[in-house]
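Asker: This is final_29.txt, which holds compact mmCIF, C-alpha atoms:
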```
# COMPACT_ATOMS: atom_id res chain seq x y z
CA GLU M 1031 42.40 0.05 -201.27
CA SER M 1032 42.51 -0.08 -205.09
CA ARG M 1033 42.14 3.25 -206.87
CA ARG M 1034 38.81 2.57 -208.44
CA ALA M 1035 36.45 5.44 -209.20
CA LEU M 1036 33.88 6.18 -206.54
CA PRO M 1037 30.35 5.14 -207.57
CA ARG M 1038 28.44 8.00 -209.17
CA LEU M 1039 26.09 9.43 -206.60
CA HIS M 1040 23.35 11.98 -207.10
CA ALA M 1041 24.59 15.48 -206.32
CA SER M 1042 21.92 15.89 -203.73
CA SER M 1043 21.79 12.48 -202.22
CA CYS M 1044 24.13 10.22 -200.36
CA ARG M 1045 22.30 7.18 -201.69
CA ALA M 1046 24.07 4.56 -203.82
CA ALA M 1047 23.29 4.52 -207.53
CA THR M 1048 21.69 1.08 -207.79
CA PRO M 1049 17.86 1.05 -207.47
CA ALA M 1050 17.81 -1.55 -204.69
CA MET M 1051 19.99 0.64 -202.51
CA SER M 1052 18.36 3.97 -203.36
CA ARG M 1053 16.42 3.81 -200.13
CA PRO M 1054 18.30 2.12 -197.28
CA GLU M 1055 14.99 2.15 -195.39
CA LEU M 1056 13.77 -0.61 -197.72
CA THR M 1057 16.77 -2.82 -197.02
CA ALA M 1058 16.94 -3.32 -193.27
CA PRO M 1059 16.34 -1.53 -189.96
CA PRO M 1060 18.90 1.25 -189.40
CA GLN M 1061 20.94 -0.56 -186.76
CA GLU M 1062 21.39 -3.46 -189.19
CA PHE M 1063 21.91 -1.35 -192.30
CA TYR M 1064 24.51 0.84 -190.61
CA ASN M 1065 26.66 -2.02 -189.37
CA ASP M 1066 30.42 -1.72 -188.81
CA THR M 1067 31.36 -1.86 -192.51
CA GLU M 1068 28.57 0.38 -193.73
CA ALA M 1069 29.13 2.86 -190.90
CA ARG M 1070 32.75 3.31 -191.88
CA LYS M 1071 32.02 3.48 -195.60
CA TYR M 1072 29.35 6.12 -195.03
CA THR M 1073 31.56 8.22 -192.80
CA ALA M 1074 34.56 8.00 -195.13
CA SER M 1075 32.71 9.26 -198.20
CA SER M 1076 33.68 12.86 -198.91
CA ARG M 1077 30.42 13.32 -200.79
CA VAL M 1078 28.45 12.24 -197.72
CA ILE M 1079 30.47 14.56 -195.50
CA GLU M 1080 29.86 17.48 -197.85
CA ILE M 1081 26.13 16.83 -198.00
CA GLN M 1082 25.81 16.40 -194.24
CA ASP M 1083 27.78 19.60 -193.69
CA ARG M 1084 25.50 21.58 -195.96
CA LEU M 1085 22.32 20.11 -194.53
CA THR M 1086 23.47 20.77 -190.96
CA GLU M 1087 24.33 24.37 -191.76
CA ARG M 1088 20.96 24.89 -193.35
CA ALA M 1089 19.22 23.31 -190.36
CA VAL M 1090 21.05 25.60 -187.94
CA GLU M 1091 20.19 28.55 -190.17
CA LEU M 1092 16.53 27.56 -189.93
CA LEU M 1093 16.83 27.36 -186.13
CA ASN M 1094 17.36 31.10 -186.44
CA PHE M 1095 19.21 31.81 -183.21
CA PRO M 1096 20.05 35.45 -182.51
CA ARG M 1097 23.55 36.30 -183.75
CA ASP M 1098 24.99 36.77 -180.29
CA GLY M 1099 27.75 34.17 -180.38
CA VAL M 1100 26.22 32.33 -177.42
CA PRO M 1101 26.66 28.57 -177.72
CA ARG M 1102 23.43 26.64 -177.41
CA LEU M 1103 22.74 23.09 -176.21
CA LEU M 1104 21.23 21.15 -179.10
CA LEU M 1105 19.80 17.67 -179.56
CA ASP M 1106 20.94 15.83 -182.70
CA VAL M 1107 18.43 13.07 -183.45
CA GLY M 1108 19.96 10.22 -185.45
CA CYS M 1109 23.43 11.69 -185.02
CA GLY M 1110 25.09 8.61 -186.51
CA SER M 1111 28.86 8.87 -186.74
CA GLY M 1112 28.81 12.54 -185.79
CA LEU M 1113 29.12 14.19 -189.19
CA SER M 1114 26.34 16.65 -188.42
CA GLY M 1115 27.57 16.97 -184.85
CA ASP M 1116 31.01 18.06 -186.05
CA ARG M 1117 29.38 20.88 -187.95
CA LEU M 1118 27.42 21.88 -184.85
CA THR M 1119 30.67 22.01 -182.89
CA GLU M 1120 32.27 24.13 -185.62
CA LEU M 1121 29.30 26.49 -185.47
CA GLY M 1122 30.01 26.89 -181.76
CA HIS M 1123 27.28 24.77 -180.18
CA GLU M 1124 27.25 21.98 -177.64
CA TRP M 1125 25.17 18.93 -178.52
CA ILE M 1126 23.93 15.58 -177.38
CA GLY M 1127 23.14 13.01 -180.07
CA THR M 1128 21.05 9.87 -180.11
CA ASP M 1129 21.28 6.99 -182.59
CA ILE M 1130 20.03 3.44 -182.83
CA SER M 1131 23.14 2.07 -184.53
CA LYS M 1132 25.91 1.05 -182.13
CA SER M 1133 28.36 0.84 -185.03
CA MET M 1134 27.70 4.42 -186.09
CA LEU M 1135 28.06 5.67 -182.51
CA GLU M 1136 31.33 3.80 -182.08
CA VAL M 1137 32.67 5.43 -185.23
CA ALA M 1138 31.65 8.77 -183.71
CA GLN M 1139 33.59 7.91 -180.55
CA GLU M 1140 36.67 6.97 -182.57
CA ARG M 1141 36.42 10.29 -184.39
CA GLU M 1142 36.40 11.96 -180.96
CA VAL M 1143 33.36 14.12 -181.55
CA GLU M 1144 32.71 16.83 -178.97
CA GLY M 1145 29.09 15.97 -178.36
CA GLY M 1146 27.50 13.48 -175.98
CA LEU M 1147 26.41 10.18 -177.56
CA ILE M 1148 23.47 8.05 -176.49
CA HIS M 1149 22.40 4.70 -177.85
CA TYR M 1150 18.63 4.99 -178.20
CA ASP M 1151 15.65 4.36 -180.48
CA MET M 1152 13.92 7.65 -181.32
CA GLY M 1153 10.70 5.74 -181.88
CA HIS M 1154 10.59 5.22 -178.12
CA GLY M 1155 10.77 8.93 -177.36
CA CYS M 1156 13.59 11.12 -176.03
CA PRO M 1157 15.32 10.06 -172.79
CA PHE M 1158 15.73 13.52 -171.30
CA ARG M 1159 14.17 15.57 -168.56
CA PRO M 1160 11.82 18.37 -169.65
CA GLY M 1161 12.90 21.67 -171.19
CA VAL M 1162 16.65 21.09 -171.42
CA PHE M 1163 17.43 21.76 -175.07
CA ASP M 1164 17.70 25.14 -176.79
CA GLY M 1165 17.00 23.48 -180.10
CA ALA M 1166 17.06 20.21 -181.98
CA ILE M 1167 18.18 19.09 -185.42
CA SER M 1168 17.97 15.86 -187.31
CA ILE M 1169 19.77 15.15 -190.57
CA SER M 1170 18.47 12.43 -192.88
CA ALA M 1171 16.98 10.36 -190.04
CA VAL M 1172 13.32 10.69 -189.17
CA GLN M 1173 12.03 8.91 -192.27
CA TRP M 1174 13.29 5.73 -190.52
CA LEU M 1175 10.39 6.16 -188.08
CA CYS M 1176 8.04 5.16 -190.89
CA ASN M 1177 9.59 1.69 -191.13
CA ALA M 1178 7.61 -1.13 -189.66
CA ASP M 1179 10.40 -3.64 -189.03
CA ASN M 1180 8.27 -5.90 -186.89
CA SER M 1181 4.72 -5.89 -185.66
CA ALA M 1182 5.59 -3.84 -182.58
CA HIS M 1183 7.07 -0.98 -184.55
CA GLU M 1184 3.84 0.55 -185.74
CA PRO M 1185 4.94 3.81 -187.42
CA ARG M 1186 2.17 6.07 -186.11
CA ARG M 1187 2.80 5.02 -182.53
CA ARG M 1188 6.53 5.63 -182.94
CA LEU M 1189 6.01 9.02 -184.57
CA LYS M 1190 3.71 10.03 -181.73
CA ALA M 1191 6.12 8.89 -179.03
CA PHE M 1192 9.02 10.65 -180.72
CA PHE M 1193 7.29 13.99 -181.28
CA THR M 1194 5.60 14.06 -177.88
CA GLN M 1195 8.86 13.58 -176.04
CA LEU M 1196 10.80 15.83 -178.39
CA TYR M 1197 8.36 18.63 -177.58
CA ARG M 1198 8.80 18.01 -173.88
CA CYS M 1199 12.58 18.03 -173.80
CA LEU M 1200 12.79 21.32 -175.70
CA ARG M 1201 12.58 24.53 -173.71
CA ARG M 1202 9.52 26.65 -174.34
CA GLY M 1203 9.71 28.34 -177.72
CA ALA M 1204 12.70 26.29 -178.84
CA LYS M 1205 12.75 25.03 -182.42
CA ALA M 1206 13.40 21.68 -184.00
CA VAL M 1207 14.57 21.41 -187.61
CA LEU M 1208 14.33 17.91 -189.00
CA GLN M 1209 15.72 17.28 -192.48
CA PHE M 1210 14.45 14.00 -193.91
CA TYR M 1211 13.92 12.02 -197.12
CA PRO M 1212 10.23 11.13 -197.48
CA ASP M 1213 9.44 8.31 -199.89
CA GLY M 1214 6.55 10.38 -201.21
CA ALA M 1215 4.03 13.11 -200.44
CA LYS M 1216 2.00 10.82 -198.20
CA GLN M 1217 4.93 10.04 -195.95
CA ALA M 1218 5.93 13.70 -195.76
CA GLU M 1219 2.38 14.53 -194.71
CA MET M 1220 2.26 11.67 -192.19
CA ILE M 1221 5.40 12.89 -190.45
CA THR M 1222 4.32 16.54 -190.55
CA THR M 1223 0.84 15.96 -189.14
CA ALA M 1224 2.24 13.68 -186.42
CA ALA M 1225 4.37 16.61 -185.26
CA LEU M 1226 1.60 19.21 -185.42
CA ARG M 1227 -0.80 16.91 -183.60
CA VAL M 1228 1.31 16.93 -180.42
CA GLY M 1229 1.32 20.71 -180.25
CA PHE M 1230 4.26 21.84 -182.36
CA SER M 1231 3.62 24.79 -184.65
CA GLY M 1232 5.37 25.05 -187.99
CA GLY M 1233 5.49 23.02 -191.14
CA LEU M 1234 7.46 21.73 -194.05
CA VAL M 1235 10.06 23.92 -195.76
CA VAL M 1236 11.08 22.49 -199.12
CA ASP M 1237 14.33 23.86 -200.53
CA TYR M 1238 14.66 23.85 -204.34
CA PRO M 1239 11.17 22.42 -204.81
CA ASN M 1240 11.44 22.40 -208.61
CA SER M 1241 14.61 20.34 -208.76
CA THR M 1242 14.33 16.57 -208.33
CA ARG M 1243 18.04 16.34 -207.57
CA ALA M 1244 18.43 19.24 -205.16
CA LYS M 1245 15.04 19.15 -203.44
CA LYS M 1246 15.35 18.94 -199.64
CA TYR M 1247 12.66 18.63 -197.00
CA PHE M 1248 13.00 20.37 -193.64
CA LEU M 1249 10.33 20.03 -191.00
CA VAL M 1250 10.63 23.30 -189.05
CA LEU M 1251 8.86 23.15 -185.70
CA ALA M 1252 8.49 25.39 -182.65
CA ALA M 1253 7.62 24.08 -179.19
CA GLY M 1254 5.35 26.97 -178.32
CA PRO M 1255 5.82 30.72 -178.60
CA PRO M 1256 9.30 32.07 -177.78
CA GLU M 1257 10.14 32.57 -174.13
CA THR M 1258 11.77 35.95 -174.60
CA LEU M 1259 10.85 38.84 -176.83
CA PRO M 1260 13.34 40.00 -179.46
CA THR M 1261 15.93 42.53 -178.24
CA PRO M 1262 14.74 46.10 -178.86
CA ARG M 1263 17.01 48.41 -180.82
CA SER M 1264 19.18 50.70 -178.71
CA GLY M 1265 20.62 54.11 -179.47
CA ASP M 1266 18.82 57.46 -179.72
CA GLY M 1267 16.86 56.63 -182.85
CA THR M 1268 17.80 59.78 -184.74
CA GLU M 1269 18.24 57.72 -187.86
CA ILE M 1270 14.58 56.75 -187.83
CA ASP M 1271 12.42 58.87 -190.07
CA ALA M 1272 9.59 59.29 -187.57
CA ASP M 1273 8.71 62.90 -188.23
CA TYR M 1274 6.17 62.95 -185.44
CA ASP M 1275 6.34 66.73 -185.26
CA LYS M 1276 5.38 67.24 -188.89
CA GLY M 1277 2.01 65.67 -188.22
CA GLU M 1278 2.43 63.00 -190.86
CA VAL M 1279 1.82 60.18 -188.44
CA ARG M 1280 -1.44 59.80 -186.61
CA VAL M 1281 -1.08 59.58 -182.85
CA ASP M 1282 -4.66 59.42 -181.68
CA GLY M 1283 -5.21 55.68 -182.13
CA ARG M 1284 -8.11 53.90 -183.70
CA SER M 1285 -10.87 55.73 -181.93
CA GLY M 1286 -12.28 57.21 -185.12
CA GLY M 1287 -11.47 60.92 -185.04
CA SER M 1288 -10.94 63.21 -187.96
CA ASN M 1289 -8.18 63.55 -190.49
CA LYS M 1290 -7.76 67.24 -189.74
CA ARG M 1291 -4.40 66.85 -188.05
CA LEU M 1292 -3.08 64.85 -190.97
CA LYS M 1293 -4.16 67.38 -193.55
CA LYS M 1294 -2.37 70.19 -191.75
CA GLY M 1295 1.34 70.79 -191.88
CA ASN M 1296 3.06 70.46 -195.20
CA GLY M 1297 0.01 69.13 -196.96
CA LYS M 1298 1.40 65.66 -197.56
CA HIS M 1299 -1.14 62.85 -197.65
CA ALA M 1300 -1.20 60.41 -194.79
CA ARG M 1301 0.95 57.38 -195.52
CA THR M 1302 -1.03 54.21 -195.94
CA VAL M 1303 0.02 50.69 -195.09
CA PHE M 1304 -0.10 47.79 -197.53
CA VAL M 1305 0.57 44.08 -197.32
CA GLY M 1306 3.31 44.59 -199.86
CA SER M 1307 6.26 42.80 -201.36
CA LYS M 1308 8.73 43.28 -204.21
CA ARG M 1309 6.34 41.76 -206.72
CA HIS M 1310 3.27 43.57 -205.41
CA PRO M 1311 4.43 47.03 -204.32
CA GLU M 1312 0.89 48.27 -203.93
CA GLY M 1313 -0.29 45.33 -201.85
CA LYS M 1314 -1.28 41.77 -202.60
CA GLY M 1315 -4.96 42.48 -202.71
CA VAL M 1316 -8.07 41.56 -200.80
CA ALA M 1317 -8.46 38.21 -202.56
CA TRP M 1318 -4.96 37.12 -201.48
CA ILE M 1319 -5.59 38.18 -197.89
CA LYS M 1320 -8.87 36.29 -197.79
CA LYS M 1321 -7.24 33.20 -199.24
CA LYS M 1322 -4.53 33.26 -196.58
CA LYS M 1323 -7.10 33.67 -193.82
CA GLU M 1324 -9.03 30.68 -195.16
CA GLN M 1325 -5.84 28.60 -195.09
CA ALA M 1326 -5.23 29.63 -191.48
CA ARG M 1327 -8.81 28.75 -190.59
CA ASN M 1328 -8.33 25.29 -192.12
CA ARG M 1329 -5.29 24.81 -189.92
CA GLY M 1330 -7.41 25.53 -186.92
CA LYS M 1331 -5.90 28.91 -186.14
CA ASP M 1332 -7.95 31.67 -184.53
CA THR M 1333 -8.79 33.98 -187.46
CA ALA M 1334 -10.86 37.15 -187.46
CA ARG M 1335 -14.01 36.83 -189.55
CA ASP M 1336 -14.04 38.45 -192.99
CA SER M 1337 -15.88 41.73 -193.31
CA LYS M 1338 -15.96 44.88 -195.44
CA TYR M 1339 -12.82 45.97 -193.54
CA THR M 1340 -10.76 42.97 -194.69
CA GLY M 1341 -7.79 44.18 -196.71
CA ARG M 1342 -8.94 47.77 -196.58
CA LYS M 1343 -6.07 50.24 -196.71
CA ARG M 1344 -5.23 51.68 -193.31
CA LYS M 1345 -3.65 54.92 -192.18
CA GLU M 1346 -0.17 54.57 -190.75
CA ARG M 1347 -0.07 54.41 -186.94
CA ILE M 1348 2.59 54.32 -184.29
CA MET Z 800 29.65 10.14 -171.07
CA ARG Z 801 30.19 13.63 -169.64
CA LEU Z 802 28.26 15.08 -166.73
CA LEU Z 803 26.68 17.59 -169.10
CA THR Z 804 24.99 14.65 -170.83
CA HIS Z 805 24.22 12.89 -167.55
CA ASN Z 806 22.46 15.95 -166.14
CA MET Z 807 20.00 15.94 -169.03
CA LEU Z 808 19.39 12.16 -169.16
CA ALA Z 809 16.31 10.58 -167.67
CA SER Z 810 14.86 7.11 -167.82
CA ASN Z 811 11.53 7.12 -169.61
CA VAL Z 812 10.65 3.49 -169.03
CA LYS Z 813 6.86 3.10 -168.99
CA GLY Z 814 5.47 3.65 -165.52
CA THR Z 815 8.47 5.54 -164.20
CA THR Z 816 7.46 8.61 -162.23
CA SER Z 817 10.91 10.02 -161.78
CA GLY Z 818 13.69 8.65 -163.94
CA PHE Z 819 16.07 11.41 -162.90
CA PRO Z 820 18.79 11.59 -161.80
CA LEU Z 821 20.32 8.29 -162.79
CA ARG Z 822 22.85 7.00 -160.31
CA ILE Z 823 26.32 6.48 -161.79
CA GLU Z 824 28.39 3.35 -161.16
CA VAL Z 825 31.87 4.01 -162.57
CA LEU Z 826 34.03 1.14 -163.71
CA GLN Z 827 36.37 3.17 -165.87
CA LYS Z 828 36.73 6.88 -166.47
CA GLU Z 829 38.97 9.19 -168.48
CA GLU Z 830 39.89 12.87 -168.35
CA ARG Z 831 40.06 14.86 -171.57
CA GLU Z 832 40.79 18.57 -171.88
CA ALA Z 833 37.98 20.71 -173.27
CA GLU Z 834 37.94 24.32 -174.45
CA PHE Z 835 36.83 26.76 -171.79
CA HIS Z 836 33.92 29.06 -172.73
CA ALA Z 837 32.84 31.22 -169.80
CA GLU Z 838 29.66 32.44 -171.49
CA PHE Z 839 28.54 28.93 -172.33
CA LEU Z 840 29.14 27.86 -168.73
CA VAL Z 841 27.20 30.79 -167.31
CA ASN Z 842 24.27 30.09 -169.66
CA THR Z 843 24.35 26.34 -169.08
CA LEU Z 844 24.39 26.76 -165.32
CA GLY Z 845 20.77 27.87 -165.59
CA LYS Z 846 19.65 24.50 -166.93
CA ILE Z 847 21.75 22.32 -164.67
CA GLU Z 848 19.89 20.49 -161.94
CA TRP Z 849 22.46 21.29 -159.25
CA ASP Z 850 21.88 18.59 -156.62
CA ALA Z 851 22.00 15.91 -159.30
CA PHE Z 852 25.14 17.46 -160.73
CA VAL Z 853 27.06 17.60 -157.47
CA GLY Z 854 25.90 14.10 -156.56
CA ALA Z 855 27.07 12.76 -159.90
CA ALA Z 856 30.38 14.63 -159.68
CA ARG Z 857 30.94 13.19 -156.22
CA SER Z 858 30.22 9.66 -157.43
CA ILE Z 859 32.91 9.98 -160.10
CA GLY Z 860 35.40 11.83 -157.93
CA ALA Z 861 35.19 15.13 -159.77
CA ASP Z 862 33.51 17.37 -157.20
CA ASP Z 863 36.53 19.51 -156.24
CA GLY Z 864 35.56 23.14 -155.85
CA LEU Z 865 31.83 22.59 -156.36
CA PRO Z 866 29.57 24.23 -153.73
CA ASN Z 867 26.57 22.34 -152.37
CA THR Z 868 24.12 24.95 -153.55
CA LYS Z 869 24.04 26.52 -156.99
CA PRO Z 870 25.76 29.92 -156.85
CA ALA Z 871 23.71 32.86 -158.07
CA ASP Z 872 26.03 35.30 -159.81
CA VAL Z 873 29.00 33.53 -161.34
CA SER Z 874 30.04 35.78 -164.23
CA GLY Z 875 33.23 36.93 -162.53
CA ASP Z 876 33.91 33.86 -160.44
CA GLU Z 877 36.82 32.31 -162.34
CA ALA Z 878 37.55 29.71 -159.68
CA PHE Z 879 34.02 28.39 -159.68
CA LEU Z 880 33.75 28.43 -163.49
CA ARG Z 881 36.98 26.43 -163.81
CA ALA Z 882 35.76 23.82 -161.32
CA PHE Z 883 32.36 23.71 -163.02
CA HIS Z 884 33.96 23.43 -166.46
CA HIS Z 885 36.16 20.54 -165.37
CA ALA Z 886 33.36 18.51 -163.80
CA LEU Z 887 30.88 19.28 -166.56
CA LEU Z 888 32.97 18.64 -169.66
CA GLU Z 889 36.32 17.04 -168.92
CA VAL Z 890 35.53 13.82 -167.08
CA HIS Z 891 34.26 10.96 -169.26
CA VAL Z 892 32.75 7.81 -167.81
CA GLN Z 893 33.88 5.16 -170.29
CA GLU Z 894 32.55 1.98 -168.65
CA GLY Z 895 29.92 1.62 -165.97
CA TYR Z 896 26.19 1.76 -165.36
CA LEU Z 897 23.39 4.28 -165.00
CA VAL Z 898 20.76 3.15 -162.51
CA CYS Z 899 17.20 4.46 -162.47
CA PRO Z 900 16.29 5.82 -159.01
CA ASP Z 901 12.69 4.73 -159.46
CA SER Z 902 12.77 1.24 -160.95
CA GLY Z 903 16.38 0.21 -160.40
CA ARG Z 904 16.68 -0.51 -164.11
CA ARG Z 905 20.35 -0.60 -165.15
CA PHE Z 906 21.60 1.02 -168.34
CA PRO Z 907 25.13 0.00 -169.30
CA ILE Z 908 27.76 2.49 -170.44
CA THR Z 909 30.26 1.04 -172.93
CA LYS Z 910 33.01 2.98 -174.69
CA GLY Z 911 31.57 6.14 -173.17
CA ILE Z 912 28.15 5.60 -174.72
CA PRO Z 913 25.17 5.00 -172.40
CA ASN Z 914 22.81 2.38 -173.80
CA MET Z 915 19.33 3.65 -173.01
CA LEU Z 916 17.56 1.26 -175.42
CA LEU Z 917 14.25 0.10 -174.02
CA ASN Z 918 12.67 -3.32 -174.37
CA GLU Z 919 9.31 -3.32 -176.13
CA ASP Z 920 7.47 -3.89 -172.85
CA GLU Z 921 9.07 -0.80 -171.32
CA VAL Z 922 7.79 1.60 -173.97
```
Using structure tokens, write down the structure from this file.

Answerer:
Amino acid sequence: ESRRALPRLHASSCRAATPAMSRPELTAPPQEFYNDTEARKYTASSRVIEIQDRLTERAVELLNFPRDGVPRLLLDVGCGSGLSGDRLTELGHEWIGTDISKSMLEVAQEREVEGGLIHYDMGHGCPFRPGVFDGAISISAVQWLCNADNSAHEPRRRLKAFFTQLYRCLRRGAKAVLQFYPDGAKQAEMITTAALRVGFSGGLVVDYPNSTRAKKYFLVLAAGPPETLPTPRSGDGTEIDADYDKGEVRVDGRSGGSNKRLKKGNGKHARTVFVGSKRHPEGKGVAWIKKKKEQARNRGKDTARDSKYTGRKRKERI
Amino acid sequence: MRLLTHNMLASNVKGTTSGFPLRIEVLQKEEREAEFHAEFLVNTLGKIEWDAFVGAARSIGADDGLPNTKPADVSGDEAFLRAFHHALLEVHVQEGYLVCPDSGRRFPITKGIPNMLLNEDEV
């Protein structure tokens, strides 16, 4: 190979610099675009490797597993030549990957990746029995579902088949984090709503939204509520400032009752609870709370009706 | 293809009621050492469909030391975990076929990669 300079690529993207190649999805279906030559070129690019590494790490971070060092079994959708899979292995997980490009999978085999490889079209679903995966990731792949390469590949049908079967092969409460490159807001919305429609909860997380170069889209989904509750804290709790004996915390529940017990003792006022944050230490206000409830209502979530009690400051309770 | 992968795979051809487990026809296999993680094995055991696993291991000649029923408490059972580890992760079917128990549809395995691609009329 001659020592010519590598083509200048965007810092955030593994796409080639020329306009025609800025979206491979416009060139050919993935199994044709990622042929033997392209598969090797892609996998050999240190820039691509770096980007895939970072995206995979971020996806696993978003999966938010407890930090217990237990390896999980993950699905890697559009695993390609195993760049993301290698990172999963380094992070201590087992994985099974699917990809539509035989060339990419063969490169993965040559690289002796640790994960299982399956030649499959994600637009046809997920060829697994129900509830087997602890999580799923996808790096730079699901936008390919929006291609209509021939009349049979209607995008909406493919999206539905993919998300329905993805949901099914995840164990209850397991998450899927799908990083993708939408060609615009409409496509991002199309993919997101297709996922939510089959029963996933979650939505789009956009990293660095104000930077055109660094912006990254992650669809973060959960297949139902988690199966297990979080682990409770152990120990004798002496470090917790409960002060039950000093009468600062109300123990008689919401049944009305008087404030007499609270006003006894060392005369401190009852602590009140706010919906607070660093920017709004005294609470974000009733208007903000009502706005958020309206958003939840629009998403079809069960929301308590607004009343004079909405956003009213409460006494601290156990 | 390792048995870990095989135990999760199912045929989802349209109209298939039970595409699991796929029967393995081995033409060529390979053994490759894999790192032993007892905790992973104990956790994974929970999701393994045991009959399918033993059946598959038997069909590829890797069922040494595997009991017919899934053992309950294996945390201390080094002998079992080693046998399980070997069958689960160290035997790779390189060439062969996976056959759907329901429809008889054959999925080829080449270079260790099962080809589960469906035709448009099977979707």

Asker: Under the rule of at most 6 Å, produce a per-residue listing of chain Z near chain M: chain, number, name, the closest pair of atoms, and the distance in Å, as a tab-separated table, using only C-alpha atoms.

Answerer:
```
residue	atom	partner	partner_atom	distance
Z:Thr804	CA	M:Gly1146	CA	5.8
Z:Met807	CA	M:Phe1158	CA	5.4
Z:Leu808	CA	M:Phe1158	CA	4.5
Z:Ala809	CA	M:Phe1158	CA	4.7
Z:Ser810	CA	M:Pro1157	CA	5.8
Z:Asn811	CA	M:Pro1157	CA	5.8
Z:Phe839	CA	M:Pro1101	CA	5.7
Z:Ile912	CA	M:Ile1148	CA	5.6
Z:Pro913	CA	M:Ile1148	CA	5.4
Z:Asn914	CA	M:His1149	CA	4.7
Z:Met915	CA	M:Tyr1150	CA	5.4
Z:Leu916	CA	M:Tyr1150	CA	4.8
```

Asker: Could you pull the residues within 10 Å of Gly845 (chain Z), counting all atoms listed in the file, minus those fewer than 3 positions along the same chain, as a PDB file with C-alpha atoms, keeping the file's coordinate frame?

Answerer:
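Result went into result_38.pdb, see below:
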```
ATOM      1  CA  VAL M1162      16.650  21.090-171.420  1.00  0.00           C
TER       2      VAL M1162
ATOM      3  CA  LEU Z 840      29.140  27.860-168.730  1.00  0.00           C
ATOM      4  CA  VAL Z 841      27.200  30.790-167.310  1.00  0.00           C
ATOM      5  CA  ASN Z 842      24.270  30.090-169.660  1.00  0.00           C
ATOM      6  CA  GLU Z 848      19.890  20.490-161.940  1.00  0.00           C
ATOM      7  CA  TRP Z 849      22.460  21.290-159.250  1.00  0.00           C
ATOM      8  CA  LYS Z 869      24.040  26.520-156.990  1.00  0.00           C
ATOM      9  CA  ALA Z 871      23.710  32.860-158.070  1.00  0.00           C
TER      10      ALA Z 871
END
```

Asker: Can you measure CA of Lys1323 (chain M) to CA of Pro1256 (chain M) for me? One decimal in Å is fine.

Answerer: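 CA of Pro1256 (chain M) lies at a distance of 23.0 Å from CA of Lys1323 (chain M).
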
Asker: Using all atoms listed in the file, determine which residues lie at most 7 Å from Asp862 (chain Z), disregarding the query and same-chain residues fewer than 3 positions distant; provide the list as a PyMOL selection string.

Answerer: chain Z and resi 853+856-857+865+886

Asker: Could you turn the residues from that selection into a file that holds C-alpha atoms, as an mmCIF file, in the coordinates of the input?

Answerer:
```
data_model
loop_
_atom_site.group_PDB
_atom_site.id
_atom_site.type_symbol
_atom_site.label_atom_id
_atom_site.label_comp_id
_atom_site.auth_asym_id
_atom_site.auth_seq_id
_atom_site.Cartn_x
_atom_site.Cartn_y
_atom_site.Cartn_z
ATOM 1 C CA VAL Z 853 27.060 17.600 -157.470
ATOM 2 C CA ALA Z 856 30.380 14.630 -159.680
ATOM 3 C CA ARG Z 857 30.940 13.190 -156.220
ATOM 4 C CA LEU Z 865 31.830 22.590 -156.360
ATOM 5 C CA ALA Z 886 33.360 18.510 -163.800
#
```

Asker: Which of these, M:Leu1113, M:Leu1196, M:Ala1089, M:Val1137, has the shortest distance to Asp1066 (chain M) once you count only C-alpha atoms?

Answerer: M:Val1137

Asker: My list of candidates is Z:Ala833, Z:Ile859, Z:Val812, Z:Val873. Which is closest to Pro900 (chain Z) when distances are computed with only C-alpha atoms?

Answerer: Z:Val812

Asker: Quick one: residues within 12 Å of (0.1, 9.0, -184.5) (file frame), counting all atoms listed in the file, please, as an mmCIF file with C-alpha atoms, in the coordinates of the input.

Answerer:
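Writing the result to selection07.cif gives the following:
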```cif
data_model
loop_
_atom_site.group_PDB
_atom_site.id
_atom_site.type_symbol
_atom_site.label_atom_id
_atom_site.label_comp_id
_atom_site.auth_asym_id
_atom_site.auth_seq_id
_atom_site.Cartn_x
_atom_site.Cartn_y
_atom_site.Cartn_z
ATOM 1 C CA GLY M 1153 10.700 5.740 -181.880
ATOM 2 C CA LEU M 1175 10.390 6.160 -188.080
ATOM 3 C CA CYS M 1176 8.040 5.160 -190.890
ATOM 4 C CA GLU M 1184 3.840 0.550 -185.740
ATOM 5 C CA PRO M 1185 4.940 3.810 -187.420
ATOM 6 C CA ARG M 1186 2.170 6.070 -186.110
ATOM 7 C CA ARG M 1187 2.800 5.020 -182.530
ATOM 8 C CA ARG M 1188 6.530 5.630 -182.940
ATOM 9 C CA LEU M 1189 6.010 9.020 -184.570
ATOM 10 C CA LYS M 1190 3.710 10.030 -181.730
ATOM 11 C CA ALA M 1191 6.120 8.890 -179.030
ATOM 12 C CA PHE M 1192 9.020 10.650 -180.720
ATOM 13 C CA PHE M 1193 7.290 13.990 -181.280
ATOM 14 C CA THR M 1194 5.600 14.060 -177.880
ATOM 15 C CA GLU M 1219 2.380 14.530 -194.710
ATOM 16 C CA MET M 1220 2.260 11.670 -192.190
ATOM 17 C CA ILE M 1221 5.400 12.890 -190.450
ATOM 18 C CA THR M 1222 4.320 16.540 -190.550
ATOM 19 C CA THR M 1223 0.840 15.960 -189.140
ATOM 20 C CA ALA M 1224 2.240 13.680 -186.420
ATOM 21 C CA ALA M 1225 4.370 16.610 -185.260
ATOM 22 C CA LEU M 1226 1.600 19.210 -185.420
ATOM 23 C CA ARG M 1227 -0.800 16.910 -183.600
ATOM 24 C CA VAL M 1228 1.310 16.930 -180.420
#
```

Asker: What's the separation between CA of Leu1118 (chain M) and CA of Lys1205 (chain M), in Å to one decimal place?

Answerer: 15.2 Å
